[in-house]
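Data file: run_38.tsv. Format and content: TSV, C-alpha atoms.
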chain	number	residue	atom	x	y	z
A	1	MET	CA	-47.44	69.78	42.58
A	2	LEU	CA	-48.09	69.28	38.87
A	3	PRO	CA	-51.47	67.97	37.75
A	4	MET	CA	-51.57	64.31	36.74
A	5	PRO	CA	-51.88	63.59	33.02
A	6	PRO	CA	-55.33	62.94	31.57
A	7	ARG	CA	-56.63	59.41	32.05
A	8	PRO	CA	-58.43	59.63	29.66
A	9	LEU	CA	-59.64	62.94	28.25
A	10	SER	CA	-63.19	63.22	26.96
A	11	GLY	CA	-63.93	63.09	23.24
A	12	PHE	CA	-63.91	66.16	21.05
A	13	PHE	CA	-66.87	67.84	19.41
A	14	LEU	CA	-66.72	66.89	15.73
A	15	ALA	CA	-68.82	64.82	13.38
A	16	VAL	CA	-67.42	61.99	11.31
A	17	VAL	CA	-68.35	61.30	7.70
A	18	PRO	CA	-68.24	57.59	6.68
A	19	LEU	CA	-65.92	56.70	3.82
A	20	ALA	CA	-67.16	54.91	0.75
A	21	ALA	CA	-67.52	51.05	0.77
A	22	LEU	CA	-27.33	50.34	23.15
A	23	ALA	CA	-24.83	50.95	25.42
A	24	ALA	CA	-25.96	54.18	27.02
A	25	CYS	CA	-26.19	57.28	24.94
A	26	ALA	CA	-26.11	60.68	26.65
A	27	THR	CA	-27.10	60.21	30.29
A	28	THR	CA	-27.50	62.75	33.01
A	29	ASN	CA	-27.78	60.84	36.29
A	30	GLY	CA	-24.51	58.93	36.22
A	31	SER	CA	-26.24	55.56	36.65
A	32	PRO	CA	-24.95	52.60	34.64
A	33	ALA	CA	-26.91	51.63	31.55
A	34	PRO	CA	-28.95	48.43	31.81
A	35	ALA	CA	-27.88	45.70	29.43
A	36	ALA	CA	-29.68	45.93	26.10
A	37	PRO	CA	-31.12	42.68	24.65
A	38	SER	CA	-28.50	40.70	22.78
A	39	ASN	CA	-30.61	40.71	19.60
A	40	GLY	CA	-31.50	44.39	19.93
A	41	SER	CA	-35.25	43.78	20.12
A	42	PHE	CA	-37.46	45.46	22.71
A	43	PRO	CA	-38.69	42.77	25.16
A	44	GLY	CA	-42.41	42.02	25.11
A	45	ALA	CA	-43.30	43.92	21.94
A	46	GLY	CA	-45.45	42.12	19.39
A	47	THR	CA	-45.12	42.12	15.64
A	48	ALA	CA	-46.39	45.19	13.78
A	49	THR	CA	-49.44	44.34	11.66
A	50	ALA	CA	-50.95	46.63	9.03
A	51	LEU	CA	-54.46	47.97	9.47
A	52	PRO	CA	-56.76	47.30	6.49
A	53	ALA	CA	-56.34	49.54	3.47
A	54	PRO	CA	-59.03	52.21	3.02
A	55	ALA	CA	-61.80	51.48	0.54
A	56	THR	CA	-60.99	54.68	-1.31
A	57	GLY	CA	-57.44	53.72	-2.23
A	58	THR	CA	-54.07	54.60	-0.72
A	59	PHE	CA	-53.22	57.14	1.95
A	60	GLU	CA	-50.56	59.63	0.87
A	61	SER	CA	-48.52	60.67	3.94
A	62	LEU	CA	-49.72	59.65	7.40
A	63	GLU	CA	-48.93	61.45	10.63
A	64	GLY	CA	-50.28	62.54	14.01
A	65	PRO	CA	-51.83	59.35	15.43
A	66	LEU	CA	-53.99	60.03	18.49
A	67	TRP	CA	-56.07	57.56	20.50
A	68	VAL	CA	-59.34	59.10	21.77
A	69	ALA	CA	-60.59	56.86	24.58
A	70	ALA	CA	-64.04	58.44	24.75
A	71	GLN	CA	-64.63	57.36	21.14
A	72	ASN	CA	-62.69	54.11	21.36
A	73	ALA	CA	-61.07	55.22	18.13
A	74	LEU	CA	-57.82	56.27	16.53
A	75	LEU	CA	-57.41	59.59	14.74
A	76	PHE	CA	-54.61	60.42	12.32
A	77	SER	CA	-53.75	62.93	9.60
A	78	ASP	CA	-53.14	62.34	5.93
A	79	VAL	CA	-50.70	65.18	5.32
A	80	VAL	CA	-51.31	65.82	1.64
A	81	GLU	CA	-49.01	68.69	0.73
A	82	LYS	CA	-50.33	72.19	-0.01
A	83	ASN	CA	-53.83	71.38	1.28
A	84	GLY	CA	-54.36	68.86	-1.51
A	85	PRO	CA	-57.85	67.43	-2.14
A	86	ALA	CA	-57.17	64.26	-0.10
A	87	ALA	CA	-55.88	66.10	2.98
A	88	HIS	CA	-58.12	64.94	5.85
A	89	ILE	CA	-58.18	63.82	9.45
A	90	TYR	CA	-59.30	60.19	9.59
A	91	ARG	CA	-60.94	58.12	12.31
A	92	PHE	CA	-60.34	54.36	12.57
A	93	ASP	CA	-62.83	52.20	14.48
A	94	PRO	CA	-60.91	49.15	15.74
A	95	VAL	CA	-64.12	47.15	16.26
A	96	ALA	CA	-65.65	47.75	12.83
A	97	ARG	CA	-62.17	47.90	11.28
A	98	ALA	CA	-63.36	50.84	9.20
A	99	TYR	CA	-62.33	54.43	8.50
A	100	SER	CA	-64.28	57.68	8.55
A	101	VAL	CA	-63.36	61.21	7.58
A	102	VAL	CA	-63.48	63.65	10.50
A	103	ALA	CA	-65.50	66.69	9.49
A	104	THR	CA	-63.75	69.94	10.44
A	105	PRO	CA	-64.91	73.57	10.25
A	106	GLU	CA	-62.78	74.25	7.18
A	107	THR	CA	-64.65	74.34	3.88
A	108	SER	CA	-61.64	73.09	1.94
A	109	PRO	CA	-59.10	70.29	2.61
A	110	THR	CA	-56.45	71.19	5.19
A	111	SER	CA	-53.06	69.54	5.64
A	112	THR	CA	-53.01	68.80	9.37
A	113	ASN	CA	-50.16	66.96	11.06
A	114	GLY	CA	-50.08	66.61	14.86
A	115	LEU	CA	-53.33	66.04	16.78
A	116	ALA	CA	-54.19	66.29	20.48
A	117	VAL	CA	-57.20	66.75	22.77
A	118	ASP	CA	-57.27	69.40	25.50
A	119	PRO	CA	-58.74	68.93	29.01
A	120	GLN	CA	-62.12	70.22	27.76
A	121	GLY	CA	-62.23	67.55	25.05
A	122	ARG	CA	-61.57	69.95	22.16
A	123	LEU	CA	-59.46	68.86	19.22
A	124	ILE	CA	-56.10	70.61	18.81
A	125	ALA	CA	-54.37	70.35	15.42
A	126	THR	CA	-51.30	71.70	13.68
A	127	GLU	CA	-52.09	72.96	10.19
A	128	ARG	CA	-48.92	72.38	8.26
A	129	TYR	CA	-49.37	74.35	5.05
A	130	ASN	CA	-51.51	77.05	6.69
A	131	GLY	CA	-48.79	77.55	9.31
A	132	ARG	CA	-51.21	77.53	12.25
A	133	LEU	CA	-52.08	75.82	15.50
A	134	VAL	CA	-55.88	75.59	15.80
A	135	ARG	CA	-58.59	74.39	18.17
A	136	VAL	CA	-62.09	73.15	17.35
A	137	GLU	CA	-64.62	74.60	19.80
A	138	LYS	CA	-67.66	72.83	21.25
A	139	ASP	CA	-69.93	74.64	18.78
A	140	GLY	CA	-67.75	73.58	15.85
A	141	ALA	CA	-66.07	76.95	15.35
A	142	LEU	CA	-62.35	77.11	14.64
A	143	THR	CA	-60.03	79.14	16.87
A	144	VAL	CA	-56.51	79.98	15.70
A	145	LEU	CA	-54.21	79.63	18.71
A	146	ALA	CA	-50.93	80.56	17.00
A	147	SER	CA	-49.89	81.68	13.52
A	148	ARG	CA	-47.17	84.35	13.94
A	149	TRP	CA	-44.20	85.16	16.19
A	150	PRO	CA	-43.43	87.18	18.21
A	151	ALA	CA	-46.67	89.15	17.77
A	152	ALA	CA	-49.80	89.12	15.65
A	153	ASP	CA	-48.07	91.30	13.06
A	154	GLY	CA	-44.78	89.36	13.17
A	155	PRO	CA	-43.47	86.85	10.62
A	156	ALA	CA	-45.54	83.74	10.01
A	157	LEU	CA	-44.81	80.41	11.63
A	158	ASN	CA	-43.30	77.84	9.29
A	159	ALA	CA	-45.19	74.53	9.24
A	160	PRO	CA	-46.36	73.50	12.74
A	161	ASN	CA	-45.64	69.81	13.07
A	162	ASP	CA	-46.28	67.86	16.26
A	163	VAL	CA	-48.27	68.84	19.37
A	164	VAL	CA	-48.89	67.65	22.91
A	165	VAL	CA	-51.21	68.97	25.64
A	166	ARG	CA	-50.54	68.82	29.38
A	167	ALA	CA	-53.38	68.04	31.80
A	168	ASP	CA	-53.53	71.66	32.96
A	169	GLY	CA	-54.11	72.93	29.40
A	170	ASN	CA	-50.59	73.97	28.45
A	171	ILE	CA	-49.98	73.20	24.76
A	172	TYR	CA	-46.52	72.55	23.33
A	173	PHE	CA	-45.82	72.25	19.61
A	174	THR	CA	-42.92	72.09	17.18
A	175	ASP	CA	-42.59	74.40	14.18
A	176	SER	CA	-40.34	73.02	11.44
A	177	ASP	CA	-39.97	73.90	7.77
A	178	TRP	CA	-41.15	70.58	6.33
A	179	GLY	CA	-43.89	71.54	3.86
A	180	VAL	CA	-43.68	75.24	4.64
A	181	ARG	CA	-45.60	77.72	2.48
A	182	PRO	CA	-42.84	79.27	0.32
A	183	GLU	CA	-43.98	82.88	0.14
A	184	GLY	CA	-43.43	85.54	2.79
A	185	ALA	CA	-41.14	85.87	5.78
A	186	HIS	CA	-41.11	83.16	8.43
A	187	ALA	CA	-40.08	83.07	12.06
A	188	PRO	CA	-37.09	80.89	13.00
A	189	MET	CA	-37.90	77.23	13.56
A	190	ALA	CA	-38.63	76.56	17.23
A	191	VAL	CA	-40.65	74.82	19.92
A	192	TYR	CA	-43.56	76.89	21.23
A	193	ARG	CA	-45.97	76.90	24.16
A	194	VAL	CA	-49.54	78.19	24.34
A	195	SER	CA	-50.50	78.74	27.99
A	196	PRO	CA	-54.00	78.02	29.34
A	197	ALA	CA	-54.58	81.78	29.07
A	198	GLY	CA	-53.79	81.64	25.36
A	199	GLU	CA	-50.38	83.34	25.54
A	200	LEU	CA	-47.82	82.20	22.96
A	201	SER	CA	-44.18	81.90	24.07
A	202	ARG	CA	-41.07	80.34	22.61
A	203	VAL	CA	-39.66	77.36	24.48
A	204	LEU	CA	-36.57	76.62	22.41
A	205	GLU	CA	-35.19	77.72	19.04
A	206	LEU	CA	-34.14	74.54	17.27
A	207	GLN	CA	-33.22	73.33	13.79
A	208	LYS	CA	-36.01	71.17	12.32
A	209	PRO	CA	-37.81	70.31	15.59
A	210	ASN	CA	-40.25	67.45	15.15
A	211	GLY	CA	-41.27	64.82	17.72
A	212	ILE	CA	-42.56	66.11	21.07
A	213	ALA	CA	-43.93	64.38	24.17
A	214	LEU	CA	-44.49	64.76	27.91
A	215	SER	CA	-43.45	62.56	30.82
A	216	PRO	CA	-46.32	60.82	32.67
A	217	ASP	CA	-46.21	63.40	35.50
A	218	GLY	CA	-46.15	66.34	33.10
A	219	ALA	CA	-42.91	67.63	34.61
A	220	THR	CA	-40.65	66.97	31.61
A	221	LEU	CA	-40.95	67.88	27.94
A	222	TYR	CA	-39.13	65.82	25.31
A	223	VAL	CA	-38.23	67.33	21.92
A	224	GLY	CA	-36.43	65.80	18.94
A	225	SER	CA	-34.59	67.39	16.01
A	226	ASP	CA	-34.67	65.63	12.63
A	227	ALA	CA	-31.57	67.34	11.30
A	228	GLN	CA	-29.47	66.72	14.40
A	229	ALA	CA	-30.79	63.22	15.27
A	230	LYS	CA	-31.00	64.21	18.93
A	231	VAL	CA	-33.63	64.34	21.67
A	232	TRP	CA	-33.57	66.83	24.55
A	233	ARG	CA	-35.50	66.94	27.80
A	234	LEU	CA	-36.65	70.17	29.40
A	235	PRO	CA	-38.00	70.54	32.96
A	236	LEU	CA	-41.42	72.17	33.24
A	237	ASP	CA	-42.55	74.11	36.29
A	238	ALA	CA	-46.01	74.07	37.85
A	239	GLY	CA	-47.18	76.83	35.50
A	240	GLY	CA	-45.82	75.12	32.39
A	241	ALA	CA	-42.72	77.26	31.77
A	242	ALA	CA	-39.68	75.32	30.53
A	243	GLY	CA	-36.19	75.28	32.00
A	244	GLN	CA	-32.89	74.66	30.27
A	245	PRO	CA	-32.71	71.75	27.78
A	246	VAL	CA	-30.47	68.77	28.54
A	247	LEU	CA	-29.33	66.39	25.81
A	248	LEU	CA	-30.94	63.01	26.46
A	249	ILE	CA	-30.35	61.01	23.26
A	250	ASP	CA	-27.41	61.64	20.92
A	251	GLY	CA	-28.24	59.82	17.70
A	252	PRO	CA	-24.70	59.20	16.42
A	253	ALA	CA	-23.86	57.42	19.70
A	254	VAL	CA	-26.83	55.01	19.59
A	255	PRO	CA	-25.78	51.47	18.56
A	256	GLY	CA	-27.70	50.22	15.55
A	257	GLY	CA	-28.50	53.67	14.25
A	258	PHE	CA	-30.77	56.53	15.22
A	259	LYS	CA	-31.99	59.07	12.65
A	260	VAL	CA	-34.93	61.42	12.09
A	261	PRO	CA	-36.76	61.28	15.47
A	262	ASP	CA	-40.10	62.09	13.82
A	263	GLY	CA	-42.42	61.10	16.66
A	264	ILE	CA	-42.18	60.32	20.38
A	265	CYS	CA	-44.64	58.51	22.63
A	266	VAL	CA	-44.17	57.68	26.31
A	267	ASP	CA	-45.37	54.74	28.41
A	268	ASP	CA	-46.55	54.83	32.02
A	269	GLY	CA	-43.03	54.00	33.21
A	270	GLY	CA	-41.65	57.07	31.47
A	271	ASN	CA	-39.89	55.12	28.71
A	272	LEU	CA	-39.58	56.90	25.36
A	273	TYR	CA	-40.56	55.24	22.06
A	274	VAL	CA	-38.95	57.24	19.26
A	275	THR	CA	-39.99	56.64	15.66
A	276	ASN	CA	-37.01	56.75	13.31
A	277	ASN	CA	-38.38	57.95	9.97
A	278	ASP	CA	-35.38	56.82	7.98
A	279	ASP	CA	-34.87	53.94	5.54
A	280	ALA	CA	-31.59	53.00	7.23
A	281	VAL	CA	-33.34	52.43	10.58
A	282	LYS	CA	-37.09	51.74	10.08
A	283	ALA	CA	-37.74	51.13	13.77
A	284	ILE	CA	-39.11	52.53	16.96
A	285	VAL	CA	-36.11	52.86	19.27
A	286	VAL	CA	-36.97	52.62	22.98
A	287	PHE	CA	-35.11	54.37	25.81
A	288	ASP	CA	-35.62	54.60	29.54
A	289	PRO	CA	-36.12	58.06	31.14
A	290	ALA	CA	-32.36	58.41	31.63
A	291	GLY	CA	-31.63	57.84	27.94
A	292	HIS	CA	-30.45	54.23	28.19
A	293	LEU	CA	-31.26	52.11	25.14
A	294	LEU	CA	-33.86	49.41	25.90
A	295	GLY	CA	-34.29	47.93	22.43
A	296	ARG	CA	-35.93	48.31	19.04
A	297	ILE	CA	-39.31	47.56	17.54
A	298	PRO	CA	-38.90	46.95	13.79
A	299	ILE	CA	-41.56	48.47	11.51
A	300	PRO	CA	-41.89	47.32	7.87
A	301	PHE	CA	-41.75	50.89	6.59
A	302	ARG	CA	-40.33	54.15	7.95
A	303	PRO	CA	-42.43	55.06	11.02
A	304	SER	CA	-43.54	58.67	11.36
A	305	ASN	CA	-45.26	58.68	14.77
A	306	CYS	CA	-46.92	56.53	17.43
A	307	THR	CA	-49.57	56.51	20.13
A	308	PHE	CA	-50.82	54.09	22.78
A	309	GLY	CA	-54.46	53.01	22.60
A	310	GLY	CA	-57.06	50.36	23.15
A	311	ALA	CA	-59.02	49.72	26.35
A	312	ASP	CA	-55.85	48.80	28.26
A	313	ARG	CA	-53.63	51.36	26.46
A	314	ARG	CA	-51.28	48.56	25.42
A	315	THR	CA	-51.98	48.64	21.70
A	316	MET	CA	-49.49	50.84	19.92
A	317	TYR	CA	-50.58	52.45	16.66
A	318	VAL	CA	-47.79	53.53	14.31
A	319	THR	CA	-48.17	55.68	11.21
A	320	THR	CA	-45.96	55.18	8.16
A	321	LEU	CA	-46.13	56.90	4.79
A	322	HIS	CA	-49.13	54.99	3.43
A	323	THR	CA	-50.16	52.56	6.20
A	324	VAL	CA	-51.05	52.47	9.89
A	325	PHE	CA	-49.65	49.54	11.89
A	326	GLU	CA	-50.70	48.14	15.26
A	327	LEU	CA	-48.84	45.99	17.77
A	328	ARG	CA	-49.10	44.98	21.39
A	329	VAL	CA	-46.62	46.32	23.95
A	330	PRO	CA	-45.97	45.21	27.54
A	331	THR	CA	-46.59	48.56	29.28
A	332	PRO	CA	-49.56	50.93	28.89
A	333	GLY	CA	-48.79	54.40	27.63
A	334	LEU	CA	-50.02	57.90	26.92
A	335	PRO	CA	-52.13	58.79	23.89

For this file, write the structure as structure tokens.
Amino acid sequence: MLPMPPRPLSGFFLAVVPLAALAACATTNGSPAPAAPSNGSFPGAGTATALPAPATGTFESLEGPLWVAAQNALLFSDVVEKNGPAAHIYRFDPVARAYSVVATPETSPTSTNGLAVDPQGRLIATERYNGRLVRVEKDGALTVLASRWPAADGPALNAPNDVVVRADGNIYFTDSDWGVRPEGAHAPMAVYRVSPAGELSRVLELQKPNGIALSPDGATLYVGSDAQAKVWRLPLDAGGAAGQPVLLIDGPAVPGGFKVPDGICVDDGGNLYVTNNDDAVKAIVVFDPAGHLLGRIPIPFRPSNCTFGGADRRTMYVTTLHTVFELRVPTPGLP
């Protein structure tokens, strides 16, 4: 039996520094698709509202939203390219409605993207321009979990993008070429796994992999490809090894449009909320576990990723290029 997903995980060990003032698409079980709403909207979803702007100005390129229940706070990355001066992980306090910078072990700004927390409460982050997957230890030290494939002396990873952690400590992340460091040889783009023992393995070689998520029981991994506008599901065994991928969502077949599946979050019923980071769509498109279209949640700007949060896990936080949005949803979900 697979371990149940974290509910919730403990907080991580970092300080914070206050800021200044469809008809069905590809299905696999043969069941008929439920009727989608006539207006295309996802039933029960509220209207997306922007969080307040930071006192310091405008965010540059937001990604990696993560709700940390132990802190009652939202974390997210400002992915400033090439480790630019404004590249930080931010913390948003929904009670104070204020932002803080999360202090990390790095002495210089680092362009992080995806964020997660492991079962020990340690922060896991993908470092986009550095081409690494890292972990922040309890004493504040930084551990590099992955940077090269297939061995320590092999070609560098490209630009690790999104990451998710299973309750047993298995880590899965996507490695795309968005924002990749130009010099040197790079491994092929792919989806990777770091086992609880720290062993790196390749799950699936894939063109521009991006969004990644787990089913509520931890038995299925979902992976999207920006370039192909598709989402696959892969079975995971008790140890965390992945089986053969099965096409779940075929973007060109989705009524109303489906492009650039940048982020994926999953509710307690196993439904997938896929952010479409494309000006022609600008929506979170929702599917049931079999790939049937359930509706759309419009977002004012191109959404990059999403997470469930709040005390009841029914507040969805959505990152866009410069703004974080929040809205209420009918079903609780996974951070």

Practice prompt. Write out as number ranges by chain each polymer residue whose atoms come within 12 Å of A:Asn271, counting all atoms listed in the file; drop sequence neighbours fewer than 3 positions from it.
Written response: A: 42, 213-216, 222, 264-268, 274, 285-295, 330-334

Discussion item. Between atom CA of A:Ile284 and atom CA of A:Val231, what is the distance in Å, rounded to a tenth?
Written reply: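 So the answer is 13.8 Å.
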
Discussion item. For a test of reading the model, state the distance in Å between atom CA of A:Ala96 and atom CA of A:Ala70, rounded to one decimal.
Written reply: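 Computing the Euclidean distance for atom CA of A:Ala96 and atom CA of A:Ala70 yields 16.1 Å.
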
Worksheet item: Which one of A:Glu199, A:Asp177, A:Glu183, A:Asp139 sits closest to A:Ala227 if you count only C-alpha atoms?
Response: A:Asp177

Show me, as a Markdown table, the residues of stretch 29-108 of chain A having an atom within 10 Å of stretch 311-314 of chain A, each with the closest atom pair and its distance in Å, using only C-alpha atoms.
| residue | atom | partner | partner_atom | distance |
| --- | --- | --- | --- | --- |
| A:Ala45 | CA | A:Arg314 | CA | 9.9 |
| A:Trp67 | CA | A:Arg313 | CA | 8.9 |
| A:Ala69 | CA | A:Ala311 | CA | 7.5 |
| A:Asn72 | CA | A:Ala311 | CA | 7.6 |

Give me, as a tab-separated table, each residue of stretch 68-147 of chain A that comes within 9 Å of stretch 156-175 of chain A, together with its shortest interatomic pair and the distance in Å at one decimal, counting all atoms listed in the file, with rows ordered by chain and rising residue number.
residue	atom	partner	partner_atom	distance
A:Thr112	CA	A:Asn161	CA	8.3
A:Asn113	CA	A:Asn161	CA	5.7
A:Gly114	CA	A:Asp162	CA	4.2
A:Leu115	CA	A:Val163	CA	6.3
A:Ala116	CA	A:Val164	CA	6.0
A:Val117	CA	A:Val165	CA	7.0
A:Asp118	CA	A:Val165	CA	6.1
A:Pro119	CA	A:Ala167	CA	6.1
A:Gln120	CA	A:Gly169	CA	8.6
A:Ile124	CA	A:Val163	CA	8.0
A:Ala125	CA	A:Val163	CA	7.4
A:Thr126	CA	A:Pro160	CA	5.3
A:Glu127	CA	A:Pro160	CA	6.3
A:Arg128	CA	A:Ala159	CA	4.4
A:Tyr129	CA	A:Ala159	CA	5.9
A:Asn130	CA	A:Ala159	CA	7.3
A:Gly131	CA	A:Ala159	CA	4.7
A:Arg132	CA	A:Pro160	CA	6.3
A:Leu133	CA	A:Pro160	CA	6.8
A:Ala146	CA	A:Leu157	CA	8.1
A:Ser147	CA	A:Leu157	CA	5.6

Worksheet entry | Best match for closeness to A:Ala280 among A:Tyr99, A:Leu234, A:Gly263, A:Pro303, counting all atoms listed in the file |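 Closest to A:Ala280 of all the choices is A:Pro303.
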
Worksheet item: Which one is closest to A:Ile249: A:Pro235, A:Gly224, A:Gly84, A:Gly270? Count only C-alpha atoms.
Response: A:Gly224

Worksheet item: If we count only C-alpha atoms, what is near A:Gly46 at a cut-off of 12 Å, once residues fewer than 6 positions away on the same chain are taken out, given as a VMD selection string?
Response: chain A and resid 296 to 299 314 to 317 325 to 331

Worksheet item: atom CA of A:Pro94 and atom CA of A:Ala73, how far apart in Å?
Response: 6.5 Å

Item to complete: Quick one: everything within 9 Å of A:Arg202, counting all atoms listed in the file, minus sequence neighbours fewer than 5 positions away in the same chain. Send it as number ranges by chain.
Response: A: 149-150, 190-194

Worksheet, complete the sentence: Shortest contact to A:Arg302, candidates A:Val136, A:Leu74, A:Val246, A:Leu62, atoms counted all atoms listed in the file, goes to A:Leu62

Worksheet item: Pick the closest to A:Arg91 from A:Gly243, A:Gly256, A:Pro65, A:Gly310: which is it, counting only C-alpha atoms?
Response: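 The closest residue to A:Arg91 is A:Pro65.
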
Worksheet item: Which protein, DNA or RNA residues have an atom at most 9 Å from (-61.1, 62.8, 0.0), counting all atoms listed in the file? List them as a PyMOL selection string.
Response: chain A and resi 19+56+85-88+101+109
